[in-house]
Each structure stands twice: as structure tokens, then as C-alpha cells.
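Trainee: What follows is coords.cif; its format and atoms are mmCIF, C-alpha atoms.
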data_target
loop_
_atom_site.group_PDB
_atom_site.id
_atom_site.type_symbol
_atom_site.label_atom_id
_atom_site.label_comp_id
_atom_site.auth_asym_id
_atom_site.auth_seq_id
_atom_site.Cartn_x
_atom_site.Cartn_y
_atom_site.Cartn_z
ATOM 1 C CA MET Z 1 22.554 -25.516 -14.998
ATOM 2 C CA PRO Z 2 19.967 -24.572 -12.356
ATOM 3 C CA ILE Z 3 16.760 -22.938 -13.553
ATOM 4 C CA TYR Z 4 17.220 -19.765 -11.477
ATOM 5 C CA LEU Z 5 20.623 -19.229 -13.107
ATOM 6 C CA GLN Z 6 19.063 -19.647 -16.557
ATOM 7 C CA VAL Z 7 16.371 -17.087 -15.736
ATOM 8 C CA ILE Z 8 18.954 -14.583 -14.487
ATOM 9 C CA LEU Z 9 21.060 -15.165 -17.605
ATOM 10 C CA MET Z 10 18.032 -14.675 -19.897
ATOM 11 C CA ILE Z 11 17.120 -11.425 -18.125
ATOM 12 C CA ALA Z 12 20.704 -10.169 -18.423
ATOM 13 C CA VAL Z 13 20.796 -11.008 -22.141
ATOM 14 C CA PHE Z 14 17.438 -9.285 -22.679
ATOM 15 C CA ILE Z 15 18.637 -6.128 -20.910
ATOM 16 C CA ALA Z 16 21.864 -6.136 -22.943
ATOM 17 C CA ILE Z 17 19.932 -6.459 -26.214
ATOM 18 C CA VAL Z 18 17.580 -3.613 -25.291
ATOM 19 C CA LEU Z 19 20.518 -1.360 -24.381
ATOM 20 C CA VAL Z 20 22.281 -2.103 -27.680
ATOM 21 C CA ILE Z 21 19.109 -1.317 -29.648
ATOM 22 C CA LEU Z 22 18.610 1.968 -27.780
ATOM 23 C CA TYR Z 23 22.259 2.915 -28.346
ATOM 24 C CA MET Z 24 22.020 2.195 -32.070
ATOM 25 C CA GLY Z 25 18.819 4.254 -32.299
ATOM 26 C CA GLY Z 26 20.572 7.147 -30.605
ATOM 27 C CA LEU Z 27 23.452 6.920 -33.060
ATOM 28 C CA ALA Z 28 21.002 6.997 -35.963
ATOM 29 C CA VAL Z 29 19.294 10.128 -34.611
ATOM 30 C CA ARG Z 30 22.687 11.798 -34.047
ATOM 31 C CA ARG Z 31 23.802 10.963 -37.578
ATOM 32 C CA THR Z 32 20.539 12.386 -38.957
ATOM 33 C CA CYS Z 33 20.961 15.581 -36.906
ATOM 34 C CA LEU Z 34 24.437 16.046 -38.355
ATOM 35 C CA LYS Z 35 23.087 15.474 -41.880
ATOM 36 C CA ILE Z 36 20.366 18.085 -41.385
ATOM 37 C CA ILE Z 37 22.922 20.583 -40.074
ATOM 38 C CA ALA Z 38 25.246 19.857 -43.006
ATOM 39 C CA GLU Z 39 22.410 20.356 -45.506
ATOM 40 C CA MET Z 40 21.488 23.654 -43.907
ATOM 41 C CA GLU Z 41 25.117 24.814 -43.800
ATOM 42 C CA GLU Z 42 25.492 23.918 -47.470
ATOM 43 C CA ALA Z 43 22.400 26.004 -48.261
ATOM 44 C CA ARG Z 44 23.851 28.789 -46.058
ATOM 45 C CA ALA Z 45 20.596 28.966 -44.098
ATOM 46 C CA PHE Z 46 21.849 31.182 -41.264
ATOM 47 C CA ARG Z 47 19.165 33.872 -41.501
ATOM 48 C CA GLU Z 48 15.407 33.928 -41.825
ATOM 49 C CA THR Z 49 15.687 35.226 -45.384
ATOM 50 C CA LYS Z 50 17.783 32.180 -46.368
ATOM 51 C CA ALA Z 51 15.603 29.644 -44.533
ATOM 52 C CA VAL Z 52 15.030 26.273 -46.217
ATOM 53 C CA GLU Z 53 12.189 23.786 -46.219
ATOM 54 C CA ILE Z 54 12.778 20.506 -44.381
ATOM 55 C CA GLN Z 55 10.454 17.552 -44.003
ATOM 56 C CA ASP Z 56 9.235 17.921 -40.428
ATOM 57 C CA GLU Z 57 6.578 15.239 -40.252
ATOM 58 C CA ARG Z 58 6.021 11.722 -41.448
ATOM 59 C CA LYS Z 59 4.765 11.439 -44.987
ATOM 60 C CA ASN Z 60 2.642 8.381 -44.199
ATOM 61 C CA PHE Z 61 1.171 8.395 -40.690
ATOM 62 C CA PHE Z 62 0.081 4.757 -40.832
ATOM 63 C CA ARG Z 63 3.536 3.426 -41.625
ATOM 64 C CA VAL Z 64 4.921 1.943 -38.433
ATOM 65 C CA GLY Z 65 8.609 1.769 -37.642
ATOM 66 C CA MET Z 66 11.671 3.966 -37.444
ATOM 67 C CA LYS Z 67 12.348 4.326 -41.160
ATOM 68 C CA ASN Z 68 11.957 8.104 -41.081
ATOM 69 C CA ILE Z 69 13.787 9.619 -38.134
ATOM 70 C CA ARG Z 70 14.281 13.071 -39.684
ATOM 71 C CA PRO Z 71 11.247 14.530 -37.860
ATOM 72 C CA ARG Z 72 12.598 13.286 -34.531
ATOM 73 C CA ALA Z 73 16.062 14.662 -35.277
ATOM 74 C CA LEU Z 74 14.607 17.989 -36.381
ATOM 75 C CA ASN Z 75 12.556 18.222 -33.180
ATOM 76 C CA LEU Z 76 15.721 17.635 -31.144
ATOM 77 C CA LEU Z 77 17.528 20.392 -33.041
ATOM 78 C CA LEU Z 78 14.577 22.729 -32.466
ATOM 79 C CA ALA Z 79 14.496 21.881 -28.756
ATOM 80 C CA ASP Z 80 18.237 22.587 -28.452
ATOM 81 C CA GLY Z 81 17.832 25.893 -30.256
ATOM 82 C CA LEU Z 82 20.253 25.012 -33.044
ATOM 83 C CA VAL Z 83 17.496 25.278 -35.653
ATOM 84 C CA ILE Z 84 14.823 27.959 -35.687
ATOM 85 C CA LYS Z 85 11.451 27.635 -37.425
ATOM 86 C CA THR Z 86 10.064 30.655 -39.241
ATOM 87 C CA SER Z 87 6.417 31.632 -39.395
ATOM 88 C CA LYS Z 88 6.335 30.368 -42.995
ATOM 89 C CA GLY Z 89 7.330 26.851 -41.937
ATOM 90 C CA LYS Z 90 10.951 27.069 -43.090
ATOM 91 C CA TYR Z 91 14.057 26.479 -40.981
ATOM 92 C CA TYR Z 92 17.420 28.140 -40.475
ATOM 93 C CA LEU Z 93 20.448 27.624 -38.216
ATOM 94 C CA ASP Z 94 21.343 29.749 -35.214
ATOM 95 C CA LYS Z 95 24.984 30.432 -36.052
ATOM 96 C CA ASP Z 96 26.034 31.277 -32.470
ATOM 97 C CA LYS Z 97 24.463 28.166 -30.918
ATOM 98 C CA LEU Z 98 25.938 26.034 -33.697
ATOM 99 C CA ALA Z 99 29.420 27.406 -32.972
ATOM 100 C CA GLN Z 100 28.947 26.677 -29.249
ATOM 101 C CA ALA Z 101 27.758 23.132 -29.965
ATOM 102 C CA LYS Z 102 30.695 22.453 -32.288
ATOM 103 C CA ALA Z 103 33.141 23.813 -29.715
ATOM 104 C CA GLN Z 104 31.558 21.643 -27.029
ATOM 105 C CA LEU Z 105 31.771 18.525 -29.216
ATOM 106 C CA GLY Z 106 35.257 19.380 -30.410
ATOM 107 C CA LEU Z 107 34.236 19.579 -34.078
ATOM 108 C CA GLU Z 108 35.904 21.933 -36.514
ATOM 109 C CA ASN Z 109 34.037 24.955 -37.893
#
Can you present the structure in this file as C-alpha cells?
Mentor:
Amino acid sequence: MPIYLQVILMIAVFIAIVLVILYMGGLAVRRTCLKIIAEMEEARAFRETKAVEIQDERKNFFRVGMKNIRPRALNLLLADGLVIKTSKGKYYLDKDKLAQAKAQLGLEN
């Protein structure tokens, strides 16, 4: 097999591996977002008075890796407006935005 064909094949395999890893990371963040929402729904945290505490930062800053993706998932939920942070550092769900998101995804209420 010619060397240029081997190089092209190696580049294609590398790109495929990177895409699979990124896809799997996205699935992990999505799964964590759904877990956070389920925990908050179970606690009935739909108002500021019922807000719950959630780990929103890494416990050990020097630990490298993607073991703890809850802070990233929580930041995504905050950015989308599904979760609201109170002044006391607790979190609750925006019921209207959650209903819109579930309708958009085709999930049951």
C-alpha cells in the first residue's frame, strides 16, 4: 500500500476516533442533565422556597479528567434557563421552560 494512502487512512481513523469520543462525551453530559432534572423534580424544586443544593463545582480542583461532569451539566442547564440559581446558592427548576423543553424533545410530562 502506498505511503500517501496510509497517511490518509491514519488521518481518517484519527478523525473518526475523535468524533466518537466527542459524541460519547455529549451523551454523558446529556444523561447527567437528565439526572439533575429528575432529582430536582423528585424534590419538587419548582419555586425559590423549595430550592435544593446541588454540587456546582469540582470538589478537587487538581484532579484532572472528566470524572465529575455534573458542574458542566449544571452550567448548561443554567445557560438554557431550565435551572435558576437563587441568591443563597440553591437551585430550582423553571417549570414553564421545562415543559417547553420536554415538548420539544417529545418526552412525557
Trainee: Specify as a PyMOL selection string each residue included when the PyMOL selection byres ((chain Z and resi 50-56) around 8) is applied to this file.
Mentor: chain Z and resi 40+43-49+57-58+70-71+74-75+86+89-92
Trainee: Between CA of Lys35 (chain Z) and CA of Lys97 (chain Z), measure the distance and give it in Å to one decimal.
Mentor: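 Computed distance, CA of Lys35 (chain Z) to CA of Lys97 (chain Z), equals 16.8 Å.
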Trainee: Quick check, in Å to one decimal: how far apart do CA of Ser87 (chain Z) and CA of Leu34 (chain Z) lie?
Mentor: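 About the pair CA of Ser87 (chain Z) and CA of Leu34 (chain Z): they are 23.8 Å apart.
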Trainee: Hey, which of Z:Val20, Z:Cys33, Z:Leu105, Z:Leu98 ends up closest to Leu77 (chain Z)? Count all atoms listed in the file.
Mentor: Z:Cys33
Trainee: For the atom pair CA of Leu22 (chain Z) and CA of Gly81 (chain Z), what is the interatomic distance in Å to one decimal place?
Mentor: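 We find that CA of Leu22 (chain Z) and CA of Gly81 (chain Z) lie 24.1 Å from each other.
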Trainee: If we count all atoms listed in the file and set the cut-off at 12 Å, which residues sit around Ala28 (chain Z), ignoring sequence neighbours fewer than 2 positions away in its own chain? Please answer as an NGL selection string.
Mentor: :Z and (21-26 or 30-35 or 66-70 or 72-73)
Trainee: My list of candidates is Z:Leu78, Z:Ala103, Z:Leu93, Z:Val13. Which is closest to Glu42 (chain Z) when distances are computed with all atoms listed in the file?
Mentor: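 Under the stated criterion, the closest residue is Z:Leu93.
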Trainee: Got a minute to add N, CA and C atoms to region 68-90 of chain Z and dump it as a PDB file, in the frame of the given file?
Mentor:
ATOM      1  N   ASN Z  68      11.785   6.677 -40.887  1.00  0.00           N
ATOM      2  CA  ASN Z  68      11.957   8.104 -41.081  1.00  0.00           C
ATOM      3  C   ASN Z  68      12.200   8.772 -39.732  1.00  0.00           C
ATOM      4  N   ILE Z  69      13.465   9.004 -39.419  1.00  0.00           N
ATOM      5  CA  ILE Z  69      13.787   9.619 -38.134  1.00  0.00           C
ATOM      6  C   ILE Z  69      14.132  11.099 -38.274  1.00  0.00           C
ATOM      7  N   ARG Z  70      14.007  11.642 -39.486  1.00  0.00           N
ATOM      8  CA  ARG Z  70      14.281  13.071 -39.684  1.00  0.00           C
ATOM      9  C   ARG Z  70      13.377  13.959 -38.828  1.00  0.00           C
ATOM     10  N   PRO Z  71      12.075  13.673 -38.721  1.00  0.00           N
ATOM     11  CA  PRO Z  71      11.247  14.530 -37.860  1.00  0.00           C
ATOM     12  C   PRO Z  71      11.709  14.524 -36.403  1.00  0.00           C
ATOM     13  N   ARG Z  72      12.111  13.365 -35.908  1.00  0.00           N
ATOM     14  CA  ARG Z  72      12.598  13.286 -34.531  1.00  0.00           C
ATOM     15  C   ARG Z  72      13.897  14.070 -34.371  1.00  0.00           C
ATOM     16  N   ALA Z  73      14.793  13.936 -35.335  1.00  0.00           N
ATOM     17  CA  ALA Z  73      16.062  14.662 -35.277  1.00  0.00           C
ATOM     18  C   ALA Z  73      15.820  16.169 -35.367  1.00  0.00           C
ATOM     19  N   LEU Z  74      14.913  16.565 -36.242  1.00  0.00           N
ATOM     20  CA  LEU Z  74      14.607  17.989 -36.381  1.00  0.00           C
ATOM     21  C   LEU Z  74      13.998  18.549 -35.098  1.00  0.00           C
ATOM     22  N   ASN Z  75      13.134  17.783 -34.454  1.00  0.00           N
ATOM     23  CA  ASN Z  75      12.556  18.222 -33.180  1.00  0.00           C
ATOM     24  C   ASN Z  75      13.626  18.373 -32.105  1.00  0.00           C
ATOM     25  N   LEU Z  76      14.611  17.500 -32.096  1.00  0.00           N
ATOM     26  CA  LEU Z  76      15.721  17.635 -31.144  1.00  0.00           C
ATOM     27  C   LEU Z  76      16.529  18.902 -31.419  1.00  0.00           C
ATOM     28  N   LEU Z  77      16.785  19.182 -32.692  1.00  0.00           N
ATOM     29  CA  LEU Z  77      17.528  20.392 -33.041  1.00  0.00           C
ATOM     30  C   LEU Z  77      16.733  21.646 -32.675  1.00  0.00           C
ATOM     31  N   LEU Z  78      15.421  21.599 -32.860  1.00  0.00           N
ATOM     32  CA  LEU Z  78      14.577  22.729 -32.466  1.00  0.00           C
ATOM     33  C   LEU Z  78      14.584  22.915 -30.952  1.00  0.00           C
ATOM     34  N   ALA Z  79      14.506  21.806 -30.218  1.00  0.00           N
ATOM     35  CA  ALA Z  79      14.496  21.881 -28.756  1.00  0.00           C
ATOM     36  C   ALA Z  79      15.819  22.430 -28.221  1.00  0.00           C
ATOM     37  N   ASP Z  80      16.923  22.093 -28.876  1.00  0.00           N
ATOM     38  CA  ASP Z  80      18.237  22.587 -28.452  1.00  0.00           C
ATOM     39  C   ASP Z  80      18.483  24.023 -28.885  1.00  0.00           C
ATOM     40  N   GLY Z  81      17.667  24.526 -29.789  1.00  0.00           N
ATOM     41  CA  GLY Z  81      17.832  25.893 -30.256  1.00  0.00           C
ATOM     42  C   GLY Z  81      18.827  26.036 -31.386  1.00  0.00           C
ATOM     43  N   LEU Z  82      19.312  24.939 -31.931  1.00  0.00           N
ATOM     44  CA  LEU Z  82      20.253  25.012 -33.044  1.00  0.00           C
ATOM     45  C   LEU Z  82      19.553  25.393 -34.343  1.00  0.00           C
ATOM     46  N   VAL Z  83      18.299  24.978 -34.470  1.00  0.00           N
ATOM     47  CA  VAL Z  83      17.496  25.278 -35.653  1.00  0.00           C
ATOM     48  C   VAL Z  83      16.297  26.097 -35.197  1.00  0.00           C
ATOM     49  N   ILE Z  84      15.953  27.082 -35.999  1.00  0.00           N
ATOM     50  CA  ILE Z  84      14.823  27.959 -35.687  1.00  0.00           C
ATOM     51  C   ILE Z  84      13.807  27.847 -36.811  1.00  0.00           C
ATOM     52  N   LYS Z  85      12.533  27.740 -36.446  1.00  0.00           N
ATOM     53  CA  LYS Z  85      11.451  27.635 -37.425  1.00  0.00           C
ATOM     54  C   LYS Z  85      10.836  29.004 -37.647  1.00  0.00           C
ATOM     55  N   THR Z  86      10.678  29.368 -38.913  1.00  0.00           N
ATOM     56  CA  THR Z  86      10.064  30.655 -39.241  1.00  0.00           C
ATOM     57  C   THR Z  86       8.547  30.527 -39.238  1.00  0.00           C
ATOM     58  N   SER Z  87       7.882  31.649 -39.357  1.00  0.00           N
ATOM     59  CA  SER Z  87       6.417  31.632 -39.395  1.00  0.00           C
ATOM     60  C   SER Z  87       5.892  31.028 -40.688  1.00  0.00           C
ATOM     61  N   LYS Z  88       6.728  30.953 -41.709  1.00  0.00           N
ATOM     62  CA  LYS Z  88       6.335  30.368 -42.995  1.00  0.00           C
ATOM     63  C   LYS Z  88       6.587  28.866 -43.051  1.00  0.00           C
ATOM     64  N   GLY Z  89       7.091  28.285 -41.979  1.00  0.00           N
ATOM     65  CA  GLY Z  89       7.330  26.851 -41.937  1.00  0.00           C
ATOM     66  C   GLY Z  89       8.692  26.428 -42.459  1.00  0.00           C
ATOM     67  N   LYS Z  90       9.590  27.383 -42.647  1.00  0.00           N
ATOM     68  CA  LYS Z  90      10.951  27.069 -43.090  1.00  0.00           C
ATOM     69  C   LYS Z  90      11.888  27.096 -41.883  1.00  0.00           C
TER      70      LYS Z  90
END
